[in-house]
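For reference, model.cif (mmCIF, C-alpha atoms):
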data_data
#
loop_
_atom_site.label_atom_id
_atom_site.label_comp_id
_atom_site.auth_asym_id
_atom_site.auth_seq_id
_atom_site.Cartn_x
_atom_site.Cartn_y
_atom_site.Cartn_z
CA ASN K 1 23.91 -88.65 22.44
CA ARG K 2 22.29 -86.40 19.86
CA LEU K 3 21.91 -87.29 16.19
CA ARG K 4 22.42 -84.39 13.82
CA PHE K 5 20.29 -84.99 10.74
CA LEU K 6 18.26 -83.19 8.11
CA ALA K 7 14.50 -83.65 7.88
CA GLY K 8 13.73 -86.48 5.46
CA GLN K 9 17.01 -88.37 5.92
CA SER K 10 17.32 -92.06 6.87
CA VAL K 11 19.52 -94.07 9.21
CA ALA K 12 20.52 -97.71 9.59
CA LEU K 13 19.20 -99.37 12.75
CA GLU K 14 20.84 -102.52 14.15
CA LEU K 15 19.64 -104.73 17.00
CA SER K 16 21.65 -107.25 18.97
CA GLY K 17 22.52 -110.28 16.88
CA GLY K 18 23.10 -108.19 13.79
CA VAL K 19 19.46 -107.78 12.71
CA ALA K 20 19.42 -104.48 10.81
CA ALA K 21 17.28 -102.31 8.53
CA SER K 22 17.19 -98.79 7.14
CA TYR K 23 14.39 -96.40 8.15
CA PRO K 24 13.66 -92.70 7.60
CA VAL K 25 13.67 -90.58 10.73
CA ALA K 26 10.05 -89.55 11.34
CA SER K 27 10.73 -86.82 13.89
CA CYS K 28 11.81 -83.21 13.54
CA PRO K 29 15.53 -82.31 13.63
CA CYS K 30 14.58 -79.76 16.29
CA ASP K 31 14.26 -82.70 18.73
CA ASP K 32 17.49 -84.56 18.03
CA ARG K 33 17.49 -86.62 21.25
CA ASN K 34 14.09 -88.27 20.77
CA LEU K 35 14.02 -90.06 17.43
CA GLN K 36 10.89 -91.60 15.91
CA PHE K 37 10.68 -94.38 13.33
CA HIS K 38 7.61 -95.93 11.70
CA VAL K 39 8.08 -99.70 11.58
CA ARG K 40 5.46 -101.68 9.70
CA ARG K 41 4.77 -105.22 10.86
CA ARG K 42 4.89 -107.63 7.94
CA ALA K 43 5.66 -111.28 7.29
CA GLY K 44 9.28 -112.12 6.56
CA ASP K 45 10.68 -108.90 8.00
CA ALA K 46 13.15 -110.02 10.69
CA PHE K 47 13.79 -106.51 12.00
CA ALA K 48 10.09 -105.68 12.38
CA ALA K 49 9.48 -109.06 14.04
CA ARG K 50 12.14 -108.29 16.68
CA VAL K 51 10.69 -104.82 17.31
CA PHE K 52 7.12 -106.08 17.79
CA GLU K 53 7.84 -109.36 19.56
CA GLY K 54 10.99 -108.95 21.59
CA LEU K 55 12.38 -105.42 21.84
CA GLY K 56 12.48 -104.16 25.42
CA GLY K 57 13.11 -100.81 27.03
CA ALA K 58 16.62 -101.76 28.11
CA ASP K 59 17.70 -103.12 24.73
CA THR K 60 20.31 -101.29 22.67
CA VAL K 61 19.61 -100.10 19.12
CA ARG K 62 22.71 -99.07 17.19
CA ILE K 63 22.18 -96.11 14.84
CA GLU K 64 24.39 -95.33 11.85
CA GLY K 65 23.88 -92.30 9.64
CA PRO K 66 22.24 -90.12 8.63
CA ARG K 67 22.18 -90.50 4.86
CA GLY K 68 20.07 -89.43 1.91
CA SER K 69 19.32 -86.30 -0.13
CA PHE K 70 15.51 -86.28 0.27
CA VAL K 71 15.59 -83.09 2.31
CA LEU K 72 13.75 -79.77 2.49
CA ASN K 73 14.84 -76.93 0.22
CA GLU K 74 15.12 -74.32 2.97
CA GLU K 75 15.89 -71.51 0.51
CA SER K 76 12.43 -71.74 -1.05
CA ASN K 77 9.32 -70.01 0.30
CA ARG K 78 6.97 -71.61 -2.22
CA PRO K 79 3.82 -73.44 -1.07
CA LEU K 80 4.59 -77.04 -0.09
CA LEU K 81 2.70 -80.14 -1.17
CA PHE K 82 3.59 -83.50 0.40
CA ILE K 83 2.47 -86.84 -1.04
CA ALA K 84 2.99 -89.95 1.10
CA GLY K 85 2.31 -93.62 0.48
CA ASP K 86 1.77 -95.87 3.52
CA THR K 87 4.81 -95.55 5.83
CA GLY K 88 6.28 -93.06 3.37
CA PHE K 89 4.55 -90.72 5.79
CA ALA K 90 7.57 -91.10 8.11
CA PRO K 91 10.00 -88.83 6.21
CA ILE K 92 7.07 -86.62 5.17
CA LYS K 93 6.20 -86.07 8.84
CA SER K 94 9.79 -85.00 9.54
CA LEU K 95 9.71 -82.58 6.59
CA ILE K 96 6.36 -81.10 7.65
CA GLU K 97 7.42 -80.51 11.25
CA HIS K 98 10.67 -78.92 10.08
CA ALA K 99 8.78 -76.69 7.62
CA MET K 100 6.43 -75.64 10.42
CA ALA K 101 9.40 -74.77 12.62
CA LEU K 102 10.90 -72.61 9.86
CA GLU K 103 7.56 -70.84 9.19
CA SER K 104 8.73 -69.97 5.68
CA ALA K 105 6.19 -71.78 3.48
CA GLU K 106 3.14 -69.90 2.22
CA SER K 107 0.97 -73.00 2.73
CA LEU K 108 1.26 -76.75 3.34
CA GLY K 109 -0.78 -79.61 1.94
CA VAL K 110 -0.62 -83.38 2.51
CA ILE K 111 -2.02 -86.17 0.35
CA TRP K 112 -1.63 -89.49 2.22
CA ILE K 113 -2.39 -92.61 0.18
CA ALA K 114 -2.72 -95.91 2.05
CA ALA K 115 -3.76 -99.41 1.06
CA SER K 116 -6.75 -99.14 3.40
CA SER K 117 -8.35 -96.57 5.67
CA LYS K 118 -6.50 -98.17 8.62
CA GLY K 119 -3.22 -97.25 6.93
CA HIS K 120 -3.51 -93.62 8.03
CA TYR K 121 -2.02 -94.48 11.42
CA LEU K 122 -1.45 -90.83 12.40
CA ASP K 123 -4.68 -89.50 10.97
CA ASN K 124 -5.48 -87.60 14.19
CA LEU K 125 -2.14 -85.78 14.03
CA CYS K 126 -2.77 -84.64 10.45
CA ARG K 127 -6.28 -83.52 11.32
CA SER K 128 -4.98 -81.59 14.32
CA TRP K 129 -2.56 -79.73 12.04
CA SER K 130 -5.40 -78.98 9.65
CA ASP K 131 -7.63 -77.73 12.46
CA ALA K 132 -4.93 -75.56 14.02
CA LEU K 133 -3.48 -73.98 10.86
CA ASP K 134 -5.45 -71.95 8.31
CA ASP K 135 -2.91 -72.69 5.57
CA PHE K 136 -2.75 -76.48 6.06
CA ARG K 137 -4.74 -78.96 3.92
CA TYR K 138 -4.98 -82.71 4.54
CA LEU K 139 -6.40 -85.31 2.14
CA PRO K 140 -6.33 -89.01 3.17
CA LEU K 141 -6.98 -91.51 0.36
CA ALA K 142 -7.53 -95.28 0.70
CA LEU K 143 -7.00 -97.80 -2.11
CA ASP K 144 -9.23 -100.48 -0.54
CA GLY K 145 -6.34 -102.93 -0.42
CA ALA K 146 -5.48 -102.57 -4.11
CA TRP K 147 -1.93 -101.17 -4.00
CA SER K 148 -1.53 -101.38 -7.77
CA GLN K 149 -0.29 -99.01 -10.45
CA GLU K 150 -3.82 -98.56 -11.77
CA ALA K 151 -5.30 -97.80 -8.34
CA VAL K 152 -2.53 -95.34 -7.48
CA ASP K 153 -2.87 -93.59 -10.83
CA ARG K 154 -6.63 -93.21 -10.39
CA ALA K 155 -6.45 -91.93 -6.79
CA LEU K 156 -3.57 -89.54 -7.39
CA SER K 157 -5.06 -88.15 -10.61
CA GLN K 158 -8.28 -87.29 -8.76
CA ALA K 159 -6.35 -85.69 -5.88
CA LEU K 160 -4.12 -83.57 -8.11
CA ALA K 161 -7.14 -82.35 -10.07
CA THR K 162 -8.19 -80.44 -6.93
CA GLN K 163 -4.79 -78.78 -6.46
CA ALA K 164 -4.81 -75.22 -7.82
CA GLY K 165 -1.52 -73.52 -8.69
CA LEU K 166 0.43 -76.78 -8.66
CA GLU K 167 3.21 -75.36 -10.83
CA SER K 168 4.06 -72.81 -8.12
CA CYS K 169 4.61 -75.46 -5.39
CA ASP K 170 7.53 -77.50 -4.16
CA VAL K 171 6.32 -81.11 -4.09
CA TYR K 172 7.80 -83.89 -1.95
CA VAL K 173 6.79 -87.51 -2.63
CA ALA K 174 7.74 -90.50 -0.43
CA GLY K 175 6.55 -94.09 -0.64
CA PRO K 176 6.86 -97.26 -2.71
CA ALA K 177 8.00 -97.09 -6.33
CA SER K 178 4.44 -97.61 -7.58
CA LEU K 179 3.59 -94.24 -6.01
CA THR K 180 6.74 -92.25 -6.69
CA ASN K 181 6.92 -93.27 -10.37
CA THR K 182 3.26 -92.43 -10.96
CA ALA K 183 3.50 -89.15 -9.04
CA GLU K 184 6.57 -88.05 -10.98
CA TYR K 185 4.83 -88.66 -14.31
CA LEU K 186 1.55 -87.00 -13.33
CA LEU K 187 3.16 -83.97 -11.69
CA LEU K 188 5.52 -83.22 -14.58
CA GLU K 189 2.65 -83.75 -17.03
CA ARG K 190 0.67 -81.09 -15.15
CA GLY K 191 3.42 -78.52 -15.53
CA LEU K 192 5.40 -78.84 -12.30
CA PRO K 193 9.01 -77.77 -12.98
CA ARG K 194 11.41 -80.69 -12.43
CA ARG K 195 13.55 -78.63 -10.03
CA GLN K 196 10.52 -78.32 -7.70
CA LEU K 197 9.95 -82.07 -7.41
CA PHE K 198 11.67 -84.14 -4.70
CA ILE K 199 11.36 -87.94 -4.67
CA GLY K 200 12.05 -90.40 -1.83
CA THR K 201 11.43 -93.99 -2.87
CA LEU K 202 11.18 -96.51 0.00
CA GLU K 203 12.03 -100.19 -0.27
CA TYR K 204 9.09 -102.55 0.37
#

Here is a file; write its structure as structure tokens.
Amino acid sequence: NRLRFLAGQSVALELSGGVAASYPVASCPCDDRNLQFHVRRRAGDAFAARVFEGLGGADTVRIEGPRGSFVLNEESNRPLLFIAGDTGFAPIKSLIEHAMALESAESLGVIWIAASSKGHYLDNLCRSWSDALDDFRYLPLALDGAWSQEAVDRALSQALATQAGLESCDVYVAGPASLTNTAEYLLLERGLPRRQLFIGTLEY
């Protein structure tokens, strides 16, 4: 079966035994039969534990959805800036691939903030986009394990200082609340119109 969804939306995934969790779809809506999800392995997460330790190729995963309003404004042709935190890159990836398919944006930029340099788990993909497209910019930032409000504020402030013409962009931010709250404050402070800011806060 195909899943009709909009780039950036999430679904509920359920394994046998009732173990369930909600994840953003990380793939492009243009490929609605092959869905990607970015599952982070962490202590105390029963769903992630099942995926990493016991999920097999013949197992059934029930999908319910999609849901969510963190989606691309397809009527806009403004430059796009995407800001992701850790696995917040999942919905950002879906948005980027959809924007590429539409070919409507003047330019695309990605700022990916992770707790450590190992957190950029699809770094090669982002670099391949940057190498292949003249109008694509990629900036990976690592917090050296300090995923704190202060560290996020410092890293994001430095990154935004290099962004020219920010007020003319549509900006999409996805990640933990420590990132989305800081990004919202800094972006609005720098003159970004509220209608051009789209926030997707993930639960961690």

Worksheet entry | Among the residues K:Gly145, K:Pro24, K:Pro66, K:Gly200, the one that comes closest to Leu179 of chain K [using only C-alpha atoms] |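 Of all the options, K:Gly200 lies closest to Leu179 of chain K.
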
Worksheet item: Taking all atoms listed in the file into account, which of K:Gly57, K:Phe89, K:Ala49, K:Leu188 comes nearest Tyr23 of chain K?
Response: K:Phe89

Practice prompt. Please identify all polymer residues within 8 Å of Tyr138 of chain K, counting all atoms listed in the file, omitting same-chain residues fewer than 3 positions from it, and present them as a ChimeraX atom specification.
Written response: /K:109-112,126-127,130

Would you mind exporting C-alpha atoms of the selected residues as an mmCIF file, in the frame of the given file?
data_model
loop_
_atom_site.group_PDB
_atom_site.id
_atom_site.type_symbol
_atom_site.label_atom_id
_atom_site.label_comp_id
_atom_site.auth_asym_id
_atom_site.auth_seq_id
_atom_site.Cartn_x
_atom_site.Cartn_y
_atom_site.Cartn_z
ATOM 1 C CA GLY K 109 -0.780 -79.610 1.940
ATOM 2 C CA VAL K 110 -0.620 -83.380 2.510
ATOM 3 C CA ILE K 111 -2.020 -86.170 0.350
ATOM 4 C CA TRP K 112 -1.630 -89.490 2.220
ATOM 5 C CA CYS K 126 -2.770 -84.640 10.450
ATOM 6 C CA ARG K 127 -6.280 -83.520 11.320
ATOM 7 C CA SER K 130 -5.400 -78.980 9.650
#

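Comparing K:Val171, K:Leu156, K:Leu15, K:Ile63 by their smallest distance to Phe82 of chain K, the closest is K:Val171 (using only C-alpha atoms).
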
Discussion item. What's the separation between atom CA of Asp153 of chain K and atom CA of Ala183 of chain K, in Å to one decimal place?
Written reply: 8.0 Å

Convert the output of the PyMOL selection byres ((chain K and resi 30) around 10) on the shown file into explicit residues, formatted as a short mmCIF file (atom, residue, chain, number, x, y, z; two decimals) with C-alpha atoms, in the frame of the given file.
data_model
loop_
_atom_site.label_atom_id
_atom_site.label_comp_id
_atom_site.auth_asym_id
_atom_site.auth_seq_id
_atom_site.Cartn_x
_atom_site.Cartn_y
_atom_site.Cartn_z
CA ARG K 4 22.42 -84.39 13.82
CA PHE K 5 20.29 -84.99 10.74
CA LEU K 6 18.26 -83.19 8.11
CA ALA K 7 14.50 -83.65 7.88
CA SER K 27 10.73 -86.82 13.89
CA CYS K 28 11.81 -83.21 13.54
CA PRO K 29 15.53 -82.31 13.63
CA ASP K 31 14.26 -82.70 18.73
CA ASP K 32 17.49 -84.56 18.03
CA ARG K 33 17.49 -86.62 21.25
CA ASN K 34 14.09 -88.27 20.77
CA SER K 94 9.79 -85.00 9.54
CA GLU K 97 7.42 -80.51 11.25
CA HIS K 98 10.67 -78.92 10.08
CA ALA K 101 9.40 -74.77 12.62
#

Worksheet item: atom CA of Trp147 of chain K to atom CA of Ala115 of chain K: how many Å, to one decimal?
Response: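 Atom-to-atom, atom CA of Trp147 of chain K to atom CA of Ala115 of chain K, that is 5.7 Å.
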
Discussion item. Using Å and a single decimal, report how far atom CA of Tyr172 of chain K sits from atom CA of Ala105 of chain K.
Written reply: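 Going from atom CA of Ala105 of chain K over to atom CA of Tyr172 of chain K covers 13.4 Å.
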
Using the partial input, fill out segment 149-166 of chain K with N, CA and C atoms; write the result as a PDB file, keeping the file's coordinate frame.
ATOM      1  N   GLN K 149      -0.579-100.189  -9.639  1.00  0.00           N
ATOM      2  CA  GLN K 149      -0.290 -99.010 -10.450  1.00  0.00           C
ATOM      3  C   GLN K 149      -1.568 -98.319 -10.891  1.00  0.00           C
ATOM      4  N   GLU K 150      -2.552 -99.116 -11.293  1.00  0.00           N
ATOM      5  CA  GLU K 150      -3.820 -98.560 -11.770  1.00  0.00           C
ATOM      6  C   GLU K 150      -4.557 -97.812 -10.654  1.00  0.00           C
ATOM      7  N   ALA K 151      -4.598 -98.423  -9.459  1.00  0.00           N
ATOM      8  CA  ALA K 151      -5.300 -97.800  -8.340  1.00  0.00           C
ATOM      9  C   ALA K 151      -4.613 -96.516  -7.897  1.00  0.00           C
ATOM     10  N   VAL K 152      -3.288 -96.530  -7.862  1.00  0.00           N
ATOM     11  CA  VAL K 152      -2.530 -95.340  -7.480  1.00  0.00           C
ATOM     12  C   VAL K 152      -2.738 -94.234  -8.493  1.00  0.00           C
ATOM     13  N   ASP K 153      -2.683 -94.574  -9.764  1.00  0.00           N
ATOM     14  CA  ASP K 153      -2.870 -93.590 -10.830  1.00  0.00           C
ATOM     15  C   ASP K 153      -4.241 -92.926 -10.725  1.00  0.00           C
ATOM     16  N   ARG K 154      -5.264 -93.731 -10.485  1.00  0.00           N
ATOM     17  CA  ARG K 154      -6.630 -93.210 -10.390  1.00  0.00           C
ATOM     18  C   ARG K 154      -6.788 -92.276  -9.190  1.00  0.00           C
ATOM     19  N   ALA K 155      -6.302 -92.728  -8.016  1.00  0.00           N
ATOM     20  CA  ALA K 155      -6.450 -91.930  -6.790  1.00  0.00           C
ATOM     21  C   ALA K 155      -5.654 -90.635  -6.873  1.00  0.00           C
ATOM     22  N   LEU K 156      -4.425 -90.723  -7.357  1.00  0.00           N
ATOM     23  CA  LEU K 156      -3.570 -89.540  -7.390  1.00  0.00           C
ATOM     24  C   LEU K 156      -4.046 -88.551  -8.453  1.00  0.00           C
ATOM     25  N   SER K 157      -4.541 -89.039  -9.559  1.00  0.00           N
ATOM     26  CA  SER K 157      -5.060 -88.150 -10.610  1.00  0.00           C
ATOM     27  C   SER K 157      -6.235 -87.341 -10.075  1.00  0.00           C
ATOM     28  N   GLN K 158      -7.128 -87.984  -9.335  1.00  0.00           N
ATOM     29  CA  GLN K 158      -8.280 -87.290  -8.760  1.00  0.00           C
ATOM     30  C   GLN K 158      -7.834 -86.261  -7.730  1.00  0.00           C
ATOM     31  N   ALA K 159      -6.832 -86.610  -6.919  1.00  0.00           N
ATOM     32  CA  ALA K 159      -6.350 -85.690  -5.880  1.00  0.00           C
ATOM     33  C   ALA K 159      -5.678 -84.475  -6.494  1.00  0.00           C
ATOM     34  N   LEU K 160      -4.845 -84.684  -7.503  1.00  0.00           N
ATOM     35  CA  LEU K 160      -4.120 -83.570  -8.110  1.00  0.00           C
ATOM     36  C   LEU K 160      -5.045 -82.641  -8.879  1.00  0.00           C
ATOM     37  N   ALA K 161      -6.175 -83.171  -9.336  1.00  0.00           N
ATOM     38  CA  ALA K 161      -7.140 -82.350 -10.070  1.00  0.00           C
ATOM     39  C   ALA K 161      -7.718 -81.252  -9.181  1.00  0.00           C
ATOM     40  N   THR K 162      -7.641 -81.432  -7.867  1.00  0.00           N
ATOM     41  CA  THR K 162      -8.190 -80.440  -6.930  1.00  0.00           C
ATOM     42  C   THR K 162      -7.125 -79.447  -6.469  1.00  0.00           C
ATOM     43  N   GLN K 163      -5.885 -79.636  -6.912  1.00  0.00           N
ATOM     44  CA  GLN K 163      -4.790 -78.780  -6.460  1.00  0.00           C
ATOM     45  C   GLN K 163      -4.611 -77.606  -7.417  1.00  0.00           C
ATOM     46  N   ALA K 164      -4.983 -76.412  -7.001  1.00  0.00           N
ATOM     47  CA  ALA K 164      -4.810 -75.220  -7.820  1.00  0.00           C
ATOM     48  C   ALA K 164      -3.396 -74.676  -7.667  1.00  0.00           C
ATOM     49  N   GLY K 165      -2.841 -74.134  -8.747  1.00  0.00           N
ATOM     50  CA  GLY K 165      -1.520 -73.520  -8.690  1.00  0.00           C
ATOM     51  C   GLY K 165      -0.404 -74.501  -8.423  1.00  0.00           C
ATOM     52  N   LEU K 166      -0.550 -75.719  -8.925  1.00  0.00           N
ATOM     53  CA  LEU K 166       0.430 -76.780  -8.660  1.00  0.00           C
ATOM     54  C   LEU K 166       1.832 -76.386  -9.133  1.00  0.00           C
TER      55      LEU K 166
END
